[in-house]
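Shown next: model_24.pdb, containing PDB, C-alpha atoms.
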```pdb
ATOM      1  CA  MET M   1      74.388 -25.872  54.065  1.00  0.00           C
ATOM      2  CA  SER M   2      71.264 -24.850  52.174  1.00  0.00           C
ATOM      3  CA  ASP M   3      67.976 -24.171  53.994  1.00  0.00           C
ATOM      4  CA  LEU M   4      65.987 -24.675  50.780  1.00  0.00           C
ATOM      5  CA  GLN M   5      63.744 -27.715  51.038  1.00  0.00           C
ATOM      6  CA  PHE M   6      62.678 -27.924  47.412  1.00  0.00           C
ATOM      7  CA  ASP M   7      64.051 -28.736  43.982  1.00  0.00           C
ATOM      8  CA  ILE M   8      65.236 -25.361  42.740  1.00  0.00           C
ATOM      9  CA  ASP M   9      65.536 -26.597  39.150  1.00  0.00           C
ATOM     10  CA  ALA M  10      61.867 -27.648  39.148  1.00  0.00           C
ATOM     11  CA  VAL M  11      60.939 -24.210  40.490  1.00  0.00           C
ATOM     12  CA  LEU M  12      62.919 -22.526  37.723  1.00  0.00           C
ATOM     13  CA  ASP M  13      61.137 -24.659  35.142  1.00  0.00           C
ATOM     14  CA  ARG M  14      57.740 -23.570  36.495  1.00  0.00           C
ATOM     15  CA  LEU M  15      58.746 -19.922  36.516  1.00  0.00           C
ATOM     16  CA  ALA M  16      60.004 -20.178  32.940  1.00  0.00           C
ATOM     17  CA  SER M  17      56.841 -21.905  31.687  1.00  0.00           C
ATOM     18  CA  ASP M  18      54.093 -20.341  33.823  1.00  0.00           C
ATOM     19  CA  GLY M  19      55.603 -17.272  35.492  1.00  0.00           C
ATOM     20  CA  TRP M  20      54.437 -18.390  38.943  1.00  0.00           C
ATOM     21  CA  VAL M  21      54.929 -21.234  41.406  1.00  0.00           C
ATOM     22  CA  VAL M  22      53.623 -22.239  44.850  1.00  0.00           C
ATOM     23  CA  ILE M  23      56.085 -24.164  47.057  1.00  0.00           C
ATOM     24  CA  PRO M  24      54.792 -25.816  50.265  1.00  0.00           C
ATOM     25  CA  HIS M  25      57.282 -26.459  53.085  1.00  0.00           C
ATOM     26  CA  ALA M  26      59.874 -24.327  51.311  1.00  0.00           C
ATOM     27  CA  LEU M  27      62.059 -23.669  54.377  1.00  0.00           C
ATOM     28  CA  PRO M  28      62.735 -25.652  57.575  1.00  0.00           C
ATOM     29  CA  ALA M  29      59.906 -25.594  60.116  1.00  0.00           C
ATOM     30  CA  ALA M  30      62.265 -24.267  62.785  1.00  0.00           C
ATOM     31  CA  LEU M  31      63.242 -21.275  60.635  1.00  0.00           C
ATOM     32  CA  THR M  32      59.593 -20.569  59.855  1.00  0.00           C
ATOM     33  CA  ALA M  33      58.737 -20.701  63.565  1.00  0.00           C
ATOM     34  CA  ASN M  34      61.631 -18.380  64.420  1.00  0.00           C
ATOM     35  CA  LEU M  35      60.476 -15.905  61.787  1.00  0.00           C
ATOM     36  CA  ARG M  36      56.944 -16.034  63.181  1.00  0.00           C
ATOM     37  CA  GLU M  37      58.220 -15.367  66.699  1.00  0.00           C
ATOM     38  CA  ALA M  38      60.381 -12.484  65.446  1.00  0.00           C
ATOM     39  CA  CYS M  39      57.446 -10.993  63.548  1.00  0.00           C
ATOM     40  CA  LEU M  40      55.153 -11.172  66.576  1.00  0.00           C
ATOM     41  CA  GLN M  41      57.842  -9.779  68.858  1.00  0.00           C
ATOM     42  CA  VAL M  42      58.350  -6.606  66.828  1.00  0.00           C
ATOM     43  CA  TRP M  43      54.599  -6.340  66.252  1.00  0.00           C
ATOM     44  CA  LEU M  44      53.996  -6.292  69.992  1.00  0.00           C
ATOM     45  CA  GLN M  45      56.751  -3.686  70.319  1.00  0.00           C
ATOM     46  CA  GLY M  46      54.674  -1.389  68.113  1.00  0.00           C
ATOM     47  CA  ARG M  47      57.311  -1.062  65.401  1.00  0.00           C
ATOM     48  CA  PHE M  48      55.005  -1.662  62.428  1.00  0.00           C
ATOM     49  CA  HIS M  49      53.355   1.109  60.438  1.00  0.00           C
ATOM     50  CA  GLU M  50      50.194   1.112  58.364  1.00  0.00           C
ATOM     51  CA  ALA M  51      51.008   0.155  54.792  1.00  0.00           C
ATOM     52  CA  ALA M  52      50.657   2.687  51.978  1.00  0.00           C
ATOM     53  CA  THR M  53      50.181   2.445  48.224  1.00  0.00           C
ATOM     54  CA  GLY M  54      52.174   4.180  45.496  1.00  0.00           C
ATOM     55  CA  ARG M  55      55.651   5.623  45.815  1.00  0.00           C
ATOM     56  CA  GLY M  56      57.384   8.966  46.184  1.00  0.00           C
ATOM     57  CA  ASP M  57      55.052  11.975  46.219  1.00  0.00           C
ATOM     58  CA  GLY M  58      52.149   9.685  45.279  1.00  0.00           C
ATOM     59  CA  GLN M  59      52.510   7.439  48.298  1.00  0.00           C
ATOM     60  CA  ALA M  60      49.521   7.496  50.615  1.00  0.00           C
ATOM     61  CA  ARG M  61      47.574   5.384  53.073  1.00  0.00           C
ATOM     62  CA  ARG M  62      44.399   4.195  51.357  1.00  0.00           C
ATOM     63  CA  ALA M  63      42.486   2.008  53.782  1.00  0.00           C
ATOM     64  CA  GLU M  64      39.874   1.207  51.123  1.00  0.00           C
ATOM     65  CA  ILE M  65      42.639  -0.498  49.073  1.00  0.00           C
ATOM     66  CA  ARG M  66      44.791  -2.149  51.732  1.00  0.00           C
ATOM     67  CA  SER M  67      44.582  -2.408  55.517  1.00  0.00           C
ATOM     68  CA  ASP M  68      47.699  -4.315  56.551  1.00  0.00           C
ATOM     69  CA  SER M  69      50.717  -3.066  58.510  1.00  0.00           C
ATOM     70  CA  VAL M  70      54.356  -3.663  57.606  1.00  0.00           C
ATOM     71  CA  LEU M  71      57.921  -3.517  58.919  1.00  0.00           C
ATOM     72  CA  TRP M  72      60.830  -3.617  56.473  1.00  0.00           C
ATOM     73  CA  LEU M  73      63.317  -6.385  57.224  1.00  0.00           C
ATOM     74  CA  ASP M  74      66.297  -4.064  56.918  1.00  0.00           C
ATOM     75  CA  GLN M  75      65.024  -2.438  60.132  1.00  0.00           C
ATOM     76  CA  VAL M  76      65.429  -5.743  61.985  1.00  0.00           C
ATOM     77  CA  ALA M  77      68.361  -7.146  60.029  1.00  0.00           C
ATOM     78  CA  GLU M  78      70.191  -8.056  63.231  1.00  0.00           C
ATOM     79  CA  LEU M  79      67.663 -10.760  64.141  1.00  0.00           C
ATOM     80  CA  PRO M  80      69.056 -14.284  63.516  1.00  0.00           C
ATOM     81  CA  ALA M  81      65.804 -15.481  61.927  1.00  0.00           C
ATOM     82  CA  VAL M  82      65.838 -12.578  59.483  1.00  0.00           C
ATOM     83  CA  GLN M  83      69.470 -13.247  58.621  1.00  0.00           C
ATOM     84  CA  ALA M  84      68.721 -16.922  57.949  1.00  0.00           C
ATOM     85  CA  TYR M  85      65.723 -16.013  55.803  1.00  0.00           C
ATOM     86  CA  ASN M  86      67.725 -13.491  53.798  1.00  0.00           C
ATOM     87  CA  ALA M  87      70.462 -16.070  53.213  1.00  0.00           C
ATOM     88  CA  ALA M  88      67.958 -18.604  51.902  1.00  0.00           C
ATOM     89  CA  MET M  89      66.296 -16.062  49.630  1.00  0.00           C
ATOM     90  CA  ASP M  90      69.685 -14.938  48.343  1.00  0.00           C
ATOM     91  CA  GLU M  91      70.270 -18.548  47.310  1.00  0.00           C
ATOM     92  CA  VAL M  92      66.990 -18.440  45.377  1.00  0.00           C
ATOM     93  CA  MET M  93      68.052 -15.194  43.697  1.00  0.00           C
ATOM     94  CA  GLN M  94      71.381 -16.611  42.590  1.00  0.00           C
ATOM     95  CA  ALA M  95      69.675 -19.691  41.148  1.00  0.00           C
ATOM     96  CA  VAL M  96      67.117 -17.572  39.280  1.00  0.00           C
ATOM     97  CA  ASN M  97      69.891 -15.454  37.812  1.00  0.00           C
ATOM     98  CA  ARG M  98      71.858 -18.512  36.711  1.00  0.00           C
ATOM     99  CA  GLY M  99      68.871 -20.294  35.232  1.00  0.00           C
ATOM    100  CA  LEU M 100      66.646 -17.502  33.908  1.00  0.00           C
ATOM    101  CA  TYR M 101      69.067 -14.579  33.406  1.00  0.00           C
ATOM    102  CA  LEU M 102      66.814 -12.033  35.076  1.00  0.00           C
ATOM    103  CA  GLY M 103      69.642  -9.865  36.381  1.00  0.00           C
ATOM    104  CA  LEU M 104      68.216  -9.709  39.888  1.00  0.00           C
ATOM    105  CA  ALA M 105      70.364  -7.566  42.170  1.00  0.00           C
ATOM    106  CA  GLU M 106      68.622  -7.399  45.545  1.00  0.00           C
ATOM    107  CA  LEU M 107      65.590  -8.385  47.583  1.00  0.00           C
ATOM    108  CA  GLU M 108      63.505  -5.785  49.384  1.00  0.00           C
ATOM    109  CA  SER M 109      61.086  -7.368  51.828  1.00  0.00           C
ATOM    110  CA  HIS M 110      58.983  -6.720  54.908  1.00  0.00           C
ATOM    111  CA  PHE M 111      56.981  -8.454  57.563  1.00  0.00           C
ATOM    112  CA  ALA M 112      53.268  -7.990  56.895  1.00  0.00           C
ATOM    113  CA  VAL M 113      50.549  -8.338  59.530  1.00  0.00           C
ATOM    114  CA  TYR M 114      46.899  -8.468  58.502  1.00  0.00           C
ATOM    115  CA  PRO M 115      44.679  -8.031  61.569  1.00  0.00           C
ATOM    116  CA  GLU M 116      41.262  -9.639  61.516  1.00  0.00           C
ATOM    117  CA  GLY M 117      39.276  -8.140  58.643  1.00  0.00           C
ATOM    118  CA  ALA M 118      42.308  -6.742  56.799  1.00  0.00           C
ATOM    119  CA  PHE M 119      42.680  -7.133  53.020  1.00  0.00           C
ATOM    120  CA  TYR M 120      44.526  -5.840  49.956  1.00  0.00           C
ATOM    121  CA  LYS M 121      42.523  -5.146  46.803  1.00  0.00           C
ATOM    122  CA  LYS M 122      43.584  -6.337  43.343  1.00  0.00           C
ATOM    123  CA  HIS M 123      46.835  -4.799  42.127  1.00  0.00           C
ATOM    124  CA  LEU M 124      50.110  -5.273  40.264  1.00  0.00           C
ATOM    125  CA  ASP M 125      53.405  -5.086  42.130  1.00  0.00           C
ATOM    126  CA  ARG M 126      55.390  -3.151  39.538  1.00  0.00           C
ATOM    127  CA  PHE M 127      55.179   0.636  39.677  1.00  0.00           C
ATOM    128  CA  ARG M 128      54.243   2.555  36.532  1.00  0.00           C
ATOM    129  CA  ASP M 129      57.395   4.680  36.678  1.00  0.00           C
ATOM    130  CA  ASP M 130      59.836   2.042  37.970  1.00  0.00           C
ATOM    131  CA  ASP M 131      60.261  -1.414  36.419  1.00  0.00           C
ATOM    132  CA  ALA M 132      62.920  -2.702  38.833  1.00  0.00           C
ATOM    133  CA  ARG M 133      60.576  -5.048  40.708  1.00  0.00           C
ATOM    134  CA  THR M 134      60.768  -8.299  38.785  1.00  0.00           C
ATOM    135  CA  LEU M 135      59.871 -11.295  40.937  1.00  0.00           C
ATOM    136  CA  THR M 136      57.444 -11.148  43.880  1.00  0.00           C
ATOM    137  CA  THR M 137      57.944 -13.386  46.922  1.00  0.00           C
ATOM    138  CA  VAL M 138      55.418 -14.206  49.642  1.00  0.00           C
ATOM    139  CA  PHE M 139      56.360 -16.505  52.526  1.00  0.00           C
ATOM    140  CA  TYR M 140      53.690 -17.440  55.049  1.00  0.00           C
ATOM    141  CA  LEU M 141      54.192 -17.775  58.814  1.00  0.00           C
ATOM    142  CA  ASN M 142      50.741 -18.900  60.024  1.00  0.00           C
ATOM    143  CA  GLU M 143      50.878 -22.423  61.420  1.00  0.00           C
ATOM    144  CA  GLY M 144      47.649 -24.430  61.322  1.00  0.00           C
ATOM    145  CA  TRP M 145      45.694 -21.921  59.238  1.00  0.00           C
ATOM    146  CA  PRO M 146      42.004 -22.976  59.288  1.00  0.00           C
ATOM    147  CA  GLN M 147      40.009 -23.571  56.110  1.00  0.00           C
ATOM    148  CA  ASP M 148      37.675 -20.718  57.012  1.00  0.00           C
ATOM    149  CA  GLY M 149      40.484 -18.338  57.991  1.00  0.00           C
ATOM    150  CA  GLY M 150      40.376 -16.295  54.781  1.00  0.00           C
ATOM    151  CA  GLY M 151      43.475 -14.278  53.959  1.00  0.00           C
ATOM    152  CA  GLU M 152      44.283 -16.215  50.783  1.00  0.00           C
ATOM    153  CA  ILE M 153      46.283 -14.588  48.045  1.00  0.00           C
ATOM    154  CA  ARG M 154      44.194 -14.703  44.881  1.00  0.00           C
ATOM    155  CA  LEU M 155      46.531 -14.860  41.898  1.00  0.00           C
ATOM    156  CA  TYR M 156      44.913 -14.029  38.559  1.00  0.00           C
ATOM    157  CA  LEU M 157      46.385 -16.190  35.829  1.00  0.00           C
ATOM    158  CA  ASP M 158      45.276 -14.289  32.714  1.00  0.00           C
ATOM    159  CA  ALA M 159      45.333 -10.673  31.602  1.00  0.00           C
ATOM    160  CA  ASP M 160      41.546 -10.381  31.835  1.00  0.00           C
ATOM    161  CA  CYS M 161      41.522 -11.733  35.392  1.00  0.00           C
ATOM    162  CA  THR M 162      38.950 -14.406  34.538  1.00  0.00           C
ATOM    163  CA  GLN M 163      41.012 -17.310  35.921  1.00  0.00           C
ATOM    164  CA  HIS M 164      42.628 -17.482  39.332  1.00  0.00           C
ATOM    165  CA  ILE M 165      44.042 -19.658  42.073  1.00  0.00           C
ATOM    166  CA  ASP M 166      43.706 -19.034  45.805  1.00  0.00           C
ATOM    167  CA  VAL M 167      46.708 -19.890  47.984  1.00  0.00           C
ATOM    168  CA  THR M 168      46.092 -20.615  51.665  1.00  0.00           C
ATOM    169  CA  PRO M 169      48.507 -18.639  53.903  1.00  0.00           C
ATOM    170  CA  GLU M 170      49.853 -21.732  55.663  1.00  0.00           C
ATOM    171  CA  ALA M 171      53.241 -21.586  57.387  1.00  0.00           C
ATOM    172  CA  GLY M 172      56.143 -22.613  55.173  1.00  0.00           C
ATOM    173  CA  THR M 173      54.450 -21.933  51.834  1.00  0.00           C
ATOM    174  CA  LEU M 174      56.462 -19.768  49.434  1.00  0.00           C
ATOM    175  CA  VAL M 175      54.812 -18.099  46.438  1.00  0.00           C
ATOM    176  CA  LEU M 176      56.872 -16.660  43.576  1.00  0.00           C
ATOM    177  CA  PHE M 177      55.478 -14.832  40.548  1.00  0.00           C
ATOM    178  CA  LEU M 178      56.522 -12.257  37.953  1.00  0.00           C
ATOM    179  CA  SER M 179      55.716  -8.835  39.378  1.00  0.00           C
ATOM    180  CA  ASP M 180      54.588  -7.175  36.153  1.00  0.00           C
ATOM    181  CA  ARG M 181      52.389  -9.987  34.845  1.00  0.00           C
ATOM    182  CA  PHE M 182      50.056 -11.179  37.580  1.00  0.00           C
ATOM    183  CA  TRP M 183      47.284  -9.173  39.161  1.00  0.00           C
ATOM    184  CA  HIS M 184      46.575 -10.415  42.666  1.00  0.00           C
ATOM    185  CA  GLU M 185      44.787  -9.556  45.886  1.00  0.00           C
ATOM    186  CA  VAL M 186      44.659 -10.653  49.508  1.00  0.00           C
ATOM    187  CA  LEU M 187      41.198 -11.738  50.548  1.00  0.00           C
ATOM    188  CA  PRO M 188      39.912 -10.492  53.934  1.00  0.00           C
ATOM    189  CA  ALA M 189      41.537 -12.348  56.821  1.00  0.00           C
ATOM    190  CA  ARG M 190      39.289 -13.720  59.551  1.00  0.00           C
ATOM    191  CA  GLN M 191      42.149 -13.885  62.025  1.00  0.00           C
ATOM    192  CA  GLN M 192      45.626 -12.363  62.312  1.00  0.00           C
ATOM    193  CA  ARG M 193      47.692 -13.244  59.234  1.00  0.00           C
ATOM    194  CA  LEU M 194      51.501 -13.079  59.132  1.00  0.00           C
ATOM    195  CA  SER M 195      53.855 -13.193  56.171  1.00  0.00           C
ATOM    196  CA  VAL M 196      57.124 -11.986  54.723  1.00  0.00           C
ATOM    197  CA  THR M 197      56.492 -10.223  51.420  1.00  0.00           C
ATOM    198  CA  GLY M 198      59.220  -9.074  49.076  1.00  0.00           C
ATOM    199  CA  TRP M 199      60.373  -8.199  45.594  1.00  0.00           C
ATOM    200  CA  TYR M 200      63.535  -9.157  43.798  1.00  0.00           C
ATOM    201  CA  ARG M 201      64.738  -6.060  41.978  1.00  0.00           C
ATOM    202  CA  ARG M 202      66.817  -6.104  38.824  1.00  0.00           C
ATOM    203  CA  ARG M 203      69.582  -3.845  37.612  1.00  0.00           C
ATOM    204  CA  GLY M 204      67.871  -2.928  34.352  1.00  0.00           C
ATOM    205  CA  GLY M 205      67.020  -4.259  30.898  1.00  0.00           C
ATOM    206  CA  SER M 206      64.004  -6.206  29.780  1.00  0.00           C
ATOM    207  CA  VAL M 207      62.638  -9.426  31.214  1.00  0.00           C
ATOM    208  CA  PRO M 208      63.517 -12.148  28.637  1.00  0.00           C
ATOM    209  CA  TRP M 209      59.942 -13.404  28.064  1.00  0.00           C
TER
END
```
Encoding of this model in structure tokens:
Amino acid sequence: MSDLQFDIDAVLDRLASDGWVVIPHALPAALTANLREACLQVWLQGRFHEAATGRGDGQARRAEIRSDSVLWLDQVAELPAVQAYNAAMDEVMQAVNRGLYLGLAELESHFAVYPEGAFYKKHLDRFRDDDARTLTTVFYLNEGWPQDGGGEIRLYLDADCTQHIDVTPEAGTLVLFLSDRFWHEVLPARQQRLSVTGWYRRRGGSVPW
């Protein structure tokens, strides 16, 4: 039985036309709550590490660019909530491949915790020397996020970054967008902010639009 609580065909249409989509209440509330509890549990266990930018020899912690901490889901793959989340996101991947022919092969994802005051400056998700990251996913875990809580993802909709939308990090909201097209940033959080962030990676070849 599917855990997806949205019309996947409508989502595919939005991705094909706009390259991005915001989906409220994307997964069951119980699964979202279980993911939040799992995230907080491993956070309190001290298993997260400060996030870095770049990759390979160029990877480094740059607190002036980003100040969140992360834990890759493959390090906690035994947790039932993580398994259920991965199953749901695999269903999304299969649908995207059937409908949009992106050739997605896997999802790499991590828990992300933004302590009060944390942020992530404007960036693209695709590396200069590696074009495997194709579709970015952000799933929020913060129930009852206040209007003045900050922590929104600001998604720039044009190449010149003159137009944008801000997405409130409310529990159950799923954001999908093409990794190489949309500059984005995380505005400073005014309280602890939790999410699962990931990237569908493709086998190779060009994105068909």
For range 121-123 of chain M: contacts at 6 Å, all atoms listed in the file, fewer than 4 positions along chain excluded, given as a ChimeraX atom specification: /M:65,183-185
Given only C-alpha atoms as the counted atoms, nearest of M:Glu152, M:Asp180, M:Asp3, M:Asp18 to Met89 in chain M: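 Nearest candidate to Met89 in chain M out of M:Glu152, M:Asp180, M:Asp3, M:Asp18: M:Asp3.
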Find the smallest box with edges along x, y and z containing every listed atom of range 152-171 of chain M, then add 6 Å on each side and report centre and edge lengths in Å to one decimal, as AutoDock Vina command-line options.
```
--center_x 46.1 --center_y -16.1 --center_z 44.5 --size_x 26.3 --size_y 23.4 --size_z 37.8
```
All residues 8 Å or closer to range 111-119 of chain M, only C-alpha atoms, same chain fewer than 5 positions away omitted, as a ChimeraX atom specification: /M:39,65-73,151,185-197
Output of the PyMOL selection byres ((chain M and resi 14) around 12), listed as a list in words: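 Expected selection for the PyMOL selection byres ((chain M and resi 14) around 12) here is Asp7, Ile8, Asp9, Ala10, Val11, Leu12, Asp13, Leu15, Ala16, Ser17, Asp18, Gly19, Trp20, Val21, Val22, Ile23, Val96, Gly99, Leu100, Val175, Leu176, Phe177 and Leu178 of chain M.
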Resolved residues for the PyMOL selection byres ((chain M and resi 5) around 9) as a PyMOL selection string: chain M and resi 2-4+6-8+25-28
Proximity to Leu104 in chain M - best of M:Tyr120, M:Tyr156, M:Tyr85, M:Tyr200, only C-alpha atoms: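 Going through M:Tyr120, M:Tyr156, M:Tyr85, M:Tyr200 one by one, the smallest distance to Leu104 in chain M is for M:Tyr200.
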Test item: which residues lie within 12 Å of (61.8, -23.6, 64.1) counting only C-alpha atoms, as a list of chain:residue names: M:Asp3, M:Leu27, M:Pro28, M:Ala29, M:Ala30, M:Leu31, M:Thr32, M:Ala33, M:Asn34, M:Leu35, M:Arg36, M:Glu37, M:Ala38, M:Pro80, M:Ala81, M:Ala84, M:Tyr85, M:Leu141, M:Glu143, M:Ala171, M:Gly172
From M:Gln83, M:Ser179, M:Thr168, M:Gln94, residue lying nearest Tyr140 in chain M [all atoms listed in the file]: M:Thr168
CA of Asp125 in chain M to CA of Arg201 in chain M, distance in Å rounded to a single decimal: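 Rounded to one decimal, the two atoms are 11.4 Å apart.
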One-decimal distance in Å that lies between CA of Arg47 in chain M and CA of Val138 in chain M: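 So the answer is 20.6 Å.
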Interatomic distance (Å, one decimal) between CA of Glu64 in chain M and CA of Leu107 in chain M: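 Between CA of Glu64 in chain M and CA of Leu107 in chain M the gap is 27.7 Å.
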Surrounding residues of Arg126 in chain M excluding itself and chain neighbours under 6 positions, 10 Å, all atoms listed in the file, as a ChimeraX atom specification: /M:54,132-136,178-182,199
Keeping C-alpha atoms, export the residues of the selection given above as a PDB file, in the frame of the given file.
```pdb
ATOM      1  CA  GLY M  54      52.174   4.180  45.496  1.00  0.00           C
ATOM      2  CA  ALA M 132      62.920  -2.702  38.833  1.00  0.00           C
ATOM      3  CA  ARG M 133      60.576  -5.048  40.708  1.00  0.00           C
ATOM      4  CA  THR M 134      60.768  -8.299  38.785  1.00  0.00           C
ATOM      5  CA  LEU M 135      59.871 -11.295  40.937  1.00  0.00           C
ATOM      6  CA  THR M 136      57.444 -11.148  43.880  1.00  0.00           C
ATOM      7  CA  LEU M 178      56.522 -12.257  37.953  1.00  0.00           C
ATOM      8  CA  SER M 179      55.716  -8.835  39.378  1.00  0.00           C
ATOM      9  CA  ASP M 180      54.588  -7.175  36.153  1.00  0.00           C
ATOM     10  CA  ARG M 181      52.389  -9.987  34.845  1.00  0.00           C
ATOM     11  CA  PHE M 182      50.056 -11.179  37.580  1.00  0.00           C
ATOM     12  CA  TRP M 199      60.373  -8.199  45.594  1.00  0.00           C
TER      13      TRP M 199
END
```
Target residues per the PyMOL selection byres ((chain M and resi 165) around 7), formatted as a PyMOL selection string: chain M and resi 154-156+164+166-167
Residue with smallest distance to Ala159 in chain M - pool M:Leu124, M:Ala95, M:Asp131, M:Gly103, counting all atoms listed in the file: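 Of all the options, M:Leu124 lies closest to Ala159 in chain M.
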Could you pull range 181-188 of chain M out of the block above and save it with all heavy atoms, as a CSV table (one decimal), in the first residue's frame?
```csv
chain,number,residue,atom,x,y,z
M,181,ARG,N,19.0,23.6,-12.0
M,181,ARG,CA,18.3,24.8,-12.5
M,181,ARG,C,18.0,25.8,-11.5
M,181,ARG,O,18.1,27.0,-11.8
M,181,ARG,CB,17.0,24.3,-13.2
M,181,ARG,CG,16.3,25.5,-13.9
M,181,ARG,CD,15.0,25.1,-14.5
M,181,ARG,NE,15.1,24.1,-15.5
M,181,ARG,CZ,14.1,23.7,-16.2
M,181,ARG,NH1,12.9,24.2,-16.0
M,181,ARG,NH2,14.2,22.8,-17.2
M,182,PHE,N,17.8,25.4,-10.3
M,182,PHE,CA,17.2,26.4,-9.3
M,182,PHE,C,18.2,26.7,-8.2
M,182,PHE,O,18.5,25.9,-7.3
M,182,PHE,CB,15.9,25.9,-8.7
M,182,PHE,CG,14.8,25.7,-9.7
M,182,PHE,CD1,14.6,24.5,-10.3
M,182,PHE,CD2,14.1,26.8,-10.1
M,182,PHE,CE1,13.6,24.4,-11.3
M,182,PHE,CE2,13.1,26.7,-11.1
M,182,PHE,CZ,12.8,25.5,-11.7
M,183,TRP,N,18.7,28.0,-8.2
M,183,TRP,CA,19.4,28.5,-7.0
M,183,TRP,C,18.4,28.6,-5.8
M,183,TRP,O,17.2,28.8,-6.0
M,183,TRP,CB,20.0,29.9,-7.3
M,183,TRP,CG,21.1,29.8,-8.3
M,183,TRP,CD1,21.0,29.8,-9.6
M,183,TRP,CD2,22.5,29.8,-8.0
M,183,TRP,NE1,22.2,29.8,-10.2
M,183,TRP,CE2,23.2,29.8,-9.2
M,183,TRP,CE3,23.2,29.8,-6.8
M,183,TRP,CZ2,24.6,29.7,-9.3
M,183,TRP,CZ3,24.6,29.7,-6.9
M,183,TRP,CH2,25.3,29.7,-8.1
M,184,HIS,N,18.9,28.3,-4.6
M,184,HIS,CA,18.1,28.4,-3.5
M,184,HIS,C,18.9,28.6,-2.2
M,184,HIS,O,20.1,28.4,-2.3
M,184,HIS,CB,17.3,27.1,-3.3
M,184,HIS,CG,18.1,25.8,-3.2
M,184,HIS,ND1,18.8,25.3,-4.4
M,184,HIS,CD2,18.5,25.0,-2.2
M,184,HIS,CE1,19.4,24.2,-4.0
M,184,HIS,NE2,19.3,24.1,-2.7
M,185,GLU,N,18.2,29.0,-1.1
M,185,GLU,CA,18.9,29.2,0.1
M,185,GLU,C,18.0,28.8,1.3
M,185,GLU,O,16.8,28.8,1.1
M,185,GLU,CB,19.5,30.6,0.3
M,185,GLU,CG,18.4,31.7,0.3
M,185,GLU,CD,19.0,33.1,0.4
M,185,GLU,OE1,19.7,33.3,1.4
M,185,GLU,OE2,18.7,33.9,-0.5
M,186,VAL,N,18.5,28.6,2.4
M,186,VAL,CA,17.7,28.4,3.6
M,186,VAL,C,17.9,29.7,4.5
M,186,VAL,O,19.0,30.0,4.9
M,186,VAL,CB,18.1,27.2,4.4
M,186,VAL,CG1,17.3,27.1,5.7
M,186,VAL,CG2,17.9,25.9,3.6
M,187,LEU,N,16.8,30.4,4.7
M,187,LEU,CA,16.9,31.6,5.5
M,187,LEU,C,17.1,31.3,7.0
M,187,LEU,O,16.8,30.1,7.5
M,187,LEU,CB,15.6,32.4,5.4
M,187,LEU,CG,15.1,32.8,4.0
M,187,LEU,CD1,13.8,33.5,4.0
M,187,LEU,CD2,16.2,33.5,3.3
M,188,PRO,N,17.7,32.2,7.8
M,188,PRO,CA,18.1,31.9,9.2
M,188,PRO,C,16.9,31.4,10.0
M,188,PRO,O,15.8,32.0,9.9
M,188,PRO,CB,18.6,33.2,9.7
M,188,PRO,CG,19.1,33.9,8.5
M,188,PRO,CD,18.2,33.5,7.4
```
